[in-house]
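Asker: I have a structure I would like to understand better, so I am pasting it below and will then ask my questions one at a time.
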Amino acid sequence: MAKRLQYRRLLCLVLLLGTAFAGLGYRLVDLQVLRHVELRAMAQLNTQREILLEPRRGDILDARGNQLATSVFVKTVAADPVLLGDCQAKVARVIAPLLELNEGELYNRLLPRTRVNDKGQTVTNRYVVLKRKVAVETWEKITEAMGRLTFTTNEVKLSPKSFGQFCRDLRAKAVFTDPINDQKRVYPNTNLAAHVLGFVGMDERDVNGTKILETTGKDGIESTLNSKLAGVRGWRMTETDSKQRELVALRDQDVEARDGLNVVLTIDSVIQNMLETALAGAMKEHTPISISGIAVRPRTGEILALATLPTFDPNNPGSASPDARRNRVISDLIEPGSTFKIVVVSGALNDSVVTLNDQFDCENGAFSFAGRVLHDHERYGVLSVERIITKSSNIGAAKIGIKLGPDRLFNHICDFGFGQRTGIPLPGEVRGISYAPKDWSKVTIAQIPMGHGICVTRLQMTMAMCAIANNGALMRPMLVDRLEDREGRTVVKYAPQKVRNVITPQAAGLMRTALKTVVTSEGTAAKAALENYSVAGKTGTAQKVENGQYVKGKYISSFIGFFPADNPELCISIVMDEPKNGYYGGLTAAPVFKEVAERAGNYLNIRPDLKDFQPSTSATIAAAPDRPIRTVAARPLNHQ
Amino acid sequence: MARNRKYQPAGIRFGPALKAVLLCLLFAGSGVGYVWQKTQIYELGKQIRQRELHLVELRESNKKLSNRLAELRSPLKLEQRARELNLGLVQAQPAQIWRLTEPADPTVSRPAAISQLAARQTAGPRMR
């Protein structure tokens, strides 16, 4: 009997244990198999972290390696209003001066705000951005200041144990930075070459469900070469412990960010500065709406300087007007005026339609053609082709154009690159307007040689002049010399590109001969003549068009020249929009050319080519008004 | 002949005891080794993390220094500074620049060409 009872008890116990084990077994299967995916995801959320590794944006350097744009890592400072309790005022007082923010405004931002979430629960915000682009040094000061904060139990009504924890959390966690470093673009030379460099802005991007702000180029080289400058973001899949410290041994994926490439420009910051200084001087003297300048090496098409005023500071592009940010050199269309005569005369010389000695009757300053009367600025009689260029006779140029014929003239216009983009790696370049002969009126054939009835960009006109300087070979403007990695190793090297031969070297040589006479005392640009170098160039003074009418008193004045004339090293173009105190290109733009050319020729150590130039052994140079001139060698070695 | 347990020698049998102790030591050693290894992995992980952070700091500091150097060597800043200090420095004029050309005759040695130049310079007024 007793044995039966024992068996029963044993059976009950076995059943009980069996049921318990079965229950546990089911639970195990439920957790490990049925809800595996869901629970695994939850567990991973607890420990696994994906950290995005930000690449550094590449620098922009000038041809000599001087920094034009660089990036520094900065922080986005945020706060958790919940951890602040009632201490917003105290925290705001401490960190507002460091963040350079208004204390009241900061206080308001630190106040907790509630909202109802998707599940209908009321939640308090735990993340508020206080300031973006905060320097690392400033963040260190904030951490220090927060660590020094003291509170009394009167301020925070909590139990002693909770008070301690509250203070620790507030000091260490209430104000924090975003885990992903932000970058601040710095242009150390402020507005130097601003229109070439462009500027950057912030774009919001979704990366694996996380919205991040990233720096993107918005204009200039920053925009064109954004993909090269930006680099490639890296990531790290890792796990953290309960205190959010990374467990390095449990790293799953670790892909380093690849920094952006450095862009080395053909721009020389010294020449750029010379150009901008000269333009600023002319801006003061002639108060034009705008003034632009370009310096190009004709043989290669390398742009050594490109500037337009008014300009802007790329460190703070928002403070400038859209007009100041516009790169007028490539995006504004102008009627070139007399500088365009180089295209017509070059074409005519190339096609042997004329020679430099051919004579044209310039009709004493008034020539009736197709129901219109064309005028010269002075009354000229019979002039040779060379003298037509020297004196910039509109009537002479028109007659050469008529002799060349519309089809050949149009072909030469196209060959010189008008009506097409030059291919400069900058955004916003326009093609210009150049109609085909079928759309011309009767008078167009006489207007175009004078530089009217056609719209070009300042860069197109400069490259056309460069083609003449370069024995008739039109080059593509070159702005980027190479791409380098962080260590300075060349990744991509860009070579000069010839677009096409637009005229023969012989025709180019003849044209240079004619252009050299422009800067003589008989020419229109005597003020562009240089002391040590021969100069070839052409002036232009075009009346502006407003509402389809030529307006009196409003001109585009320009001078484009190169030197040394027979072995050109540098071509410089200066264009002013509505200059005051004189409007002829020879009086307004030519002196600016001279100023830039003299300094640039000297700096680039271009060999003087004028026959009467002799390197003197007792050089005399203008002394500074208040101090005697000293060379570096003349300075004492020991500064005492 | 089987002997009665009663008459078995009372002394400890060392062989099995030693085996048991060794086995225990092996298990204990394995356990301690495992824990030690895990601790080492954790410690090394921490060190790696610290060194990574240090590397980032060094890179940052290096970048800051190179930026500073670039700023100090910037021709624009140098020119501005030279103006501020009123040193009277000016760019060399073309007339002040002597260009030395290679001798056309390969038989003329370089030192000879240099001495010719020196003689020419001493003959004329000195450059200042």
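Convention: chains lettered A, B, ... in structure tokens order; per-chain residue numbering from 1; ligands numbered from 1 as shown.
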Using only C-alpha atoms, determine which residues lie at most 12 Å from stretch 249-252 of chain A, disregarding the query and same-chain residues fewer than 3 positions distant; provide the list as a tab-separated table (two decimals) with all heavy atoms, in the first residue's frame.
Answerer:
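Contents of around-v5.tsv, freshly written:
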chain	number	residue	atom	x	y	z
A	47	THR	N	22.65	46.55	-27.93
A	47	THR	CA	24.12	46.55	-27.84
A	47	THR	C	24.81	46.99	-29.12
A	47	THR	O	25.87	47.61	-29.06
A	47	THR	CB	24.62	45.13	-27.52
A	47	THR	OG1	24.13	44.24	-28.54
A	47	THR	CG2	24.12	44.65	-26.17
A	48	GLN	N	24.22	46.67	-30.26
A	48	GLN	CA	24.93	46.96	-31.50
A	48	GLN	C	24.81	48.43	-31.89
A	48	GLN	O	23.76	49.04	-31.71
A	48	GLN	CB	24.40	46.09	-32.63
A	48	GLN	CG	24.98	44.70	-32.59
A	48	GLN	CD	24.88	43.99	-33.91
A	48	GLN	OE1	24.19	44.44	-34.81
A	48	GLN	NE2	25.55	42.86	-34.02
A	49	ARG	N	25.88	48.95	-32.38
A	49	ARG	CA	25.90	50.34	-32.82
A	49	ARG	C	26.53	50.43	-34.21
A	49	ARG	O	27.53	49.76	-34.47
A	49	ARG	CB	26.74	51.20	-31.86
A	49	ARG	CG	26.21	51.27	-30.45
A	49	ARG	CD	25.05	52.24	-30.32
A	49	ARG	NE	24.49	52.21	-28.99
A	49	ARG	CZ	23.52	51.38	-28.59
A	49	ARG	NH1	23.01	50.52	-29.43
A	49	ARG	NH2	23.07	51.42	-27.35
A	50	GLU	N	25.94	51.28	-35.04
A	50	GLU	CA	26.58	51.58	-36.32
A	50	GLU	C	27.10	53.00	-36.25
A	50	GLU	O	26.33	53.95	-36.08
A	50	GLU	CB	25.61	51.42	-37.49
A	50	GLU	CG	26.32	51.60	-38.82
A	50	GLU	CD	25.43	51.52	-40.04
A	50	GLU	OE1	24.22	51.26	-39.87
A	50	GLU	OE2	25.95	51.74	-41.14
A	51	ILE	N	28.40	53.13	-36.34
A	51	ILE	CA	29.01	54.46	-36.24
A	51	ILE	C	29.43	54.89	-37.64
A	51	ILE	O	30.13	54.14	-38.34
A	51	ILE	CB	30.23	54.43	-35.30
A	51	ILE	CG1	29.81	53.94	-33.91
A	51	ILE	CG2	30.91	55.79	-35.21
A	51	ILE	CD1	30.96	53.56	-33.01
A	235	TRP	N	32.20	53.34	-42.12
A	235	TRP	CA	31.28	52.95	-41.06
A	235	TRP	C	31.91	51.88	-40.19
A	235	TRP	O	32.89	51.23	-40.60
A	235	TRP	CB	29.95	52.48	-41.65
A	235	TRP	CG	30.00	51.15	-42.32
A	235	TRP	CD1	29.80	49.94	-41.77
A	235	TRP	CD2	30.30	50.91	-43.70
A	235	TRP	NE1	29.94	48.96	-42.70
A	235	TRP	CE2	30.25	49.51	-43.90
A	235	TRP	CE3	30.61	51.73	-44.79
A	235	TRP	CZ2	30.49	48.93	-45.13
A	235	TRP	CZ3	30.85	51.14	-46.01
A	235	TRP	CH2	30.78	49.77	-46.18
A	236	ARG	N	31.34	51.71	-39.01
A	236	ARG	CA	31.84	50.70	-38.08
A	236	ARG	C	30.64	50.07	-37.40
A	236	ARG	O	29.82	50.76	-36.81
A	236	ARG	CB	32.74	51.40	-37.05
A	236	ARG	CG	33.33	50.47	-36.04
A	236	ARG	CD	34.26	51.24	-35.13
A	236	ARG	NE	35.44	51.69	-35.84
A	236	ARG	CZ	36.21	52.68	-35.42
A	236	ARG	NH1	35.89	53.33	-34.31
A	236	ARG	NH2	37.27	53.03	-36.09
A	237	MET	N	30.52	48.74	-37.53
A	237	MET	CA	29.47	48.00	-36.83
A	237	MET	C	30.13	47.43	-35.58
A	237	MET	O	31.06	46.65	-35.68
A	237	MET	CB	28.95	46.85	-37.70
A	237	MET	CG	28.23	47.30	-38.95
A	237	MET	SD	26.66	48.07	-38.62
A	237	MET	CE	25.71	46.67	-38.10
A	238	THR	N	29.64	47.83	-34.44
A	238	THR	CA	30.30	47.42	-33.22
A	238	THR	C	29.27	47.22	-32.10
A	238	THR	O	28.08	47.43	-32.31
A	238	THR	CB	31.38	48.46	-32.84
A	238	THR	OG1	32.12	47.97	-31.74
A	238	THR	CG2	30.78	49.80	-32.48
A	239	GLU	N	29.74	46.81	-30.94
A	239	GLU	CA	28.83	46.62	-29.80
A	239	GLU	C	29.32	47.45	-28.63
A	239	GLU	O	30.52	47.71	-28.50
A	239	GLU	CB	28.76	45.15	-29.42
A	239	GLU	CG	28.09	44.33	-30.51
A	239	GLU	CD	27.70	42.94	-30.05
A	239	GLU	OE1	27.55	42.72	-28.84
A	239	GLU	OE2	27.54	42.08	-30.93
A	240	THR	N	28.37	47.83	-27.79
A	240	THR	CA	28.74	48.65	-26.63
A	240	THR	C	28.27	47.95	-25.35
A	240	THR	O	27.37	47.11	-25.39
A	240	THR	CB	28.09	50.04	-26.70
A	240	THR	OG1	26.68	49.86	-26.88
A	240	THR	CG2	28.64	50.87	-27.82
A	241	ASP	N	28.89	48.32	-24.25
A	241	ASP	CA	28.45	47.77	-22.97
A	241	ASP	C	27.34	48.65	-22.40
A	241	ASP	O	26.87	49.59	-23.06
A	241	ASP	CB	29.64	47.62	-22.01
A	241	ASP	CG	30.29	48.96	-21.69
A	241	ASP	OD1	29.69	50.00	-22.04
A	241	ASP	OD2	31.37	48.98	-21.09
A	245	ARG	N	30.19	52.08	-23.69
A	245	ARG	CA	31.59	52.06	-24.10
A	245	ARG	C	31.75	50.99	-25.16
A	245	ARG	O	31.17	49.89	-25.03
A	245	ARG	CB	32.49	51.75	-22.90
A	245	ARG	CG	32.59	52.91	-21.93
A	245	ARG	CD	33.38	52.51	-20.74
A	245	ARG	NE	32.80	51.33	-20.10
A	245	ARG	CZ	32.99	50.99	-18.83
A	245	ARG	NH1	33.74	51.76	-18.07
A	245	ARG	NH2	32.45	49.91	-18.31
A	246	GLU	N	32.53	51.31	-26.16
A	246	GLU	CA	32.65	50.36	-27.27
A	246	GLU	C	33.45	49.13	-26.86
A	246	GLU	O	34.48	49.25	-26.19
A	246	GLU	CB	33.33	51.04	-28.46
A	246	GLU	CG	33.21	50.22	-29.71
A	246	GLU	CD	34.22	50.54	-30.78
A	246	GLU	OE1	34.92	51.55	-30.64
A	246	GLU	OE2	34.31	49.77	-31.74
A	255	VAL	N	35.10	49.88	-41.67
A	255	VAL	CA	35.56	50.42	-42.96
A	255	VAL	C	35.92	51.89	-42.76
A	255	VAL	O	35.06	52.70	-42.42
A	255	VAL	CB	34.46	50.29	-44.04
A	255	VAL	CG1	34.94	50.81	-45.37
A	255	VAL	CG2	34.02	48.85	-44.16
B	37	GLN	N	41.91	35.51	-20.42
B	37	GLN	CA	41.96	35.84	-21.85
B	37	GLN	C	40.89	36.88	-22.20
B	37	GLN	O	41.16	37.85	-22.92
B	37	GLN	CB	41.73	34.56	-22.65
B	37	GLN	CG	42.08	34.69	-24.11
B	37	GLN	CD	41.63	33.48	-24.89
B	37	GLN	OE1	40.72	32.77	-24.48
B	37	GLN	NE2	42.27	33.25	-26.01
B	38	LYS	N	39.69	36.66	-21.64
B	38	LYS	CA	38.60	37.61	-21.92
B	38	LYS	C	38.94	38.99	-21.39
B	38	LYS	O	38.69	40.02	-22.03
B	38	LYS	CB	37.30	37.10	-21.26
B	38	LYS	CG	36.63	35.99	-22.02
B	38	LYS	CD	35.98	36.54	-23.27
B	38	LYS	CE	35.51	35.45	-24.18
B	38	LYS	NZ	35.10	35.94	-25.48
B	39	THR	N	39.53	39.01	-20.17
B	39	THR	CA	39.91	40.30	-19.58
B	39	THR	C	40.98	40.98	-20.44
B	39	THR	O	40.93	42.19	-20.67
B	39	THR	CB	40.47	40.08	-18.15
B	39	THR	OG1	39.66	39.15	-17.50
B	39	THR	CG2	40.54	41.37	-17.36
B	40	GLN	N	41.92	40.14	-20.90
B	40	GLN	CA	42.98	40.70	-21.74
B	40	GLN	C	42.39	41.28	-23.02
B	40	GLN	O	42.78	42.36	-23.45
B	40	GLN	CB	43.99	39.58	-22.12
B	40	GLN	CG	44.97	39.26	-21.03
B	40	GLN	CD	45.86	40.45	-20.71
B	40	GLN	OE1	45.66	41.11	-19.69
B	40	GLN	NE2	46.80	40.77	-21.56
B	41	ILE	N	41.46	40.54	-23.62
B	41	ILE	CA	40.82	41.01	-24.86
B	41	ILE	C	40.13	42.35	-24.58
B	41	ILE	O	40.26	43.31	-25.35
B	41	ILE	CB	39.80	39.96	-25.40
B	41	ILE	CG1	40.56	38.76	-25.95
B	41	ILE	CG2	38.92	40.56	-26.48
B	41	ILE	CD1	39.68	37.57	-26.31
B	42	TYR	N	39.44	42.42	-23.46
B	42	TYR	CA	38.72	43.65	-23.10
B	42	TYR	C	39.72	44.79	-22.88
B	42	TYR	O	39.53	45.90	-23.39
B	42	TYR	CB	37.89	43.39	-21.84
B	42	TYR	CG	37.11	44.59	-21.38
B	42	TYR	CD1	35.98	45.01	-22.07
B	42	TYR	CD2	37.53	45.33	-20.27
B	42	TYR	CE1	35.29	46.13	-21.66
B	42	TYR	CE2	36.85	46.45	-19.86
B	42	TYR	CZ	35.72	46.84	-20.55
B	42	TYR	OH	35.04	47.95	-20.16
B	43	GLU	N	40.79	44.47	-22.14
B	43	GLU	CA	41.80	45.50	-21.85
B	43	GLU	C	42.46	45.99	-23.14
B	43	GLU	O	42.64	47.19	-23.33
B	43	GLU	CB	42.87	44.94	-20.90
B	43	GLU	CG	42.46	44.89	-19.44
B	43	GLU	CD	42.08	46.26	-18.91
B	43	GLU	OE1	42.78	47.22	-19.23
B	43	GLU	OE2	41.06	46.36	-18.19
B	44	LEU	N	42.82	45.01	-23.98
B	44	LEU	CA	43.46	45.38	-25.24
B	44	LEU	C	42.50	46.18	-26.11
B	44	LEU	O	42.90	47.13	-26.79
B	44	LEU	CB	43.93	44.13	-26.00
B	44	LEU	CG	45.16	43.46	-25.40
B	44	LEU	CD1	45.44	42.13	-26.08
B	44	LEU	CD2	46.39	44.35	-25.53
B	45	GLY	N	41.24	45.81	-26.08
B	45	GLY	CA	40.22	46.56	-26.81
B	45	GLY	C	40.18	48.00	-26.34
B	45	GLY	O	40.12	48.94	-27.13
B	46	LYS	N	40.25	48.16	-25.00
B	46	LYS	CA	40.24	49.52	-24.44
B	46	LYS	C	41.47	50.30	-24.90
B	46	LYS	O	41.39	51.47	-25.27
B	46	LYS	CB	40.22	49.44	-22.91
B	46	LYS	CG	38.82	49.58	-22.37
B	46	LYS	CD	38.63	49.68	-20.90
B	46	LYS	CE	39.74	49.87	-19.97
B	46	LYS	NZ	39.35	49.84	-18.56
B	47	GLN	N	42.60	49.58	-24.88
B	47	GLN	CA	43.84	50.24	-25.31
B	47	GLN	C	43.77	50.64	-26.79
B	47	GLN	O	44.19	51.73	-27.17
B	47	GLN	CB	45.02	49.32	-25.09
B	47	GLN	CG	45.44	49.22	-23.64
B	47	GLN	CD	46.60	48.25	-23.45
B	47	GLN	OE1	47.34	47.99	-24.38
B	47	GLN	NE2	46.71	47.72	-22.25
B	48	ILE	N	43.22	49.71	-27.58
B	48	ILE	CA	43.09	50.02	-29.02
B	48	ILE	C	42.23	51.27	-29.19
B	48	ILE	O	42.57	52.18	-29.93
B	48	ILE	CB	42.46	48.82	-29.79
B	48	ILE	CG1	43.45	47.67	-29.86
B	48	ILE	CG2	42.02	49.22	-31.19
B	48	ILE	CD1	42.87	46.37	-30.39
B	49	ARG	N	41.13	51.30	-28.47
B	49	ARG	CA	40.20	52.44	-28.55
B	49	ARG	C	40.90	53.74	-28.16
B	49	ARG	O	40.78	54.75	-28.84
B	49	ARG	CB	39.00	52.16	-27.63
B	49	ARG	CG	37.93	53.20	-27.66
B	49	ARG	CD	36.95	52.96	-28.80
B	49	ARG	NE	36.15	54.14	-29.03
B	49	ARG	CZ	36.19	54.86	-30.14
B	49	ARG	NH1	36.96	54.52	-31.15
B	49	ARG	NH2	35.42	55.92	-30.28
Asker: Counting only C-alpha atoms, a student should be able to say which residues of chain B come within 6 Å of chain A; what is the right answer, written as number ranges by chain?
Answerer: B: 45, 88, 95-96, 127
Asker: Produce a file of the selected residues containing C-alpha atoms, as a PDB file, in the first residue's frame.
Answerer:
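Output contents, as saved in part_23.pdb:
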ATOM      1  CA  GLY B  45      40.215  46.561 -26.811  1.00  0.00           C
ATOM      2  CA  GLY B  88      60.576  98.784 -47.079  1.00  0.00           C
ATOM      3  CA  ALA B  95      66.530  95.706 -64.185  1.00  0.00           C
ATOM      4  CA  GLN B  96      67.819  94.261 -60.932  1.00  0.00           C
ATOM      5  CA  MET B 127      74.433  95.990 -57.209  1.00  0.00           C
TER       6      MET B 127
END
Asker: Rank nothing, just name the residue among A:Ser392, A:Thr152, A:Asn357, A:Thr122 nearest to A:Gly540, using only C-alpha atoms.
Answerer: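 With only C-alpha atoms as the atom set, the closest residue is A:Ser392.
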Asker: From a backbone DSSP assignment, name each residue in stretch 129-327 of chain A labelled helix (DSSP H, G or I), as a ChimeraX atom specification.
Answerer: /A:136-147,160-173,194-197,220-224,226-230,248-250,269-286,317-319,322-325
Asker: Rounded to one decimal place, report the atom CA of A:Leu83-atom CA of A:Asn46 distance in Å.
Answerer: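 It comes out at 21.1 Å.
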Asker: Using only C-alpha atoms, which residue out of A:Gln543, A:Ile560, A:Glu276, A:Met146 lies closest to A:Tyr583?
Answerer: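 Nearest candidate to A:Tyr583 out of A:Gln543, A:Ile560, A:Glu276, A:Met146: A:Gln543.
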Asker: Mind pulling up the distance from atom CA of A:Lys133 to atom CA of A:Val74?
Answerer: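 Value for the atom CA of A:Val74-atom CA of A:Lys133 distance: 5.1 Å.
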Asker: In Å, with one decimal, what is the gap from atom CA of A:Arg421 to atom CA of A:Arg408?
Answerer: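 Here the two named atoms are 20.9 Å from each other.
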Asker: Would you list the contacts of A:Gln447 as a PyMOL selection string, taking every protein, DNA or RNA residue within 12 Å and counting only C-alpha atoms, but skipping same-chain residues closer than 3 positions in sequence?
Answerer: chain A and resi 335-338+340-341+344+367+369-370+372-375+394-402+406+409+440-444+450-454+542
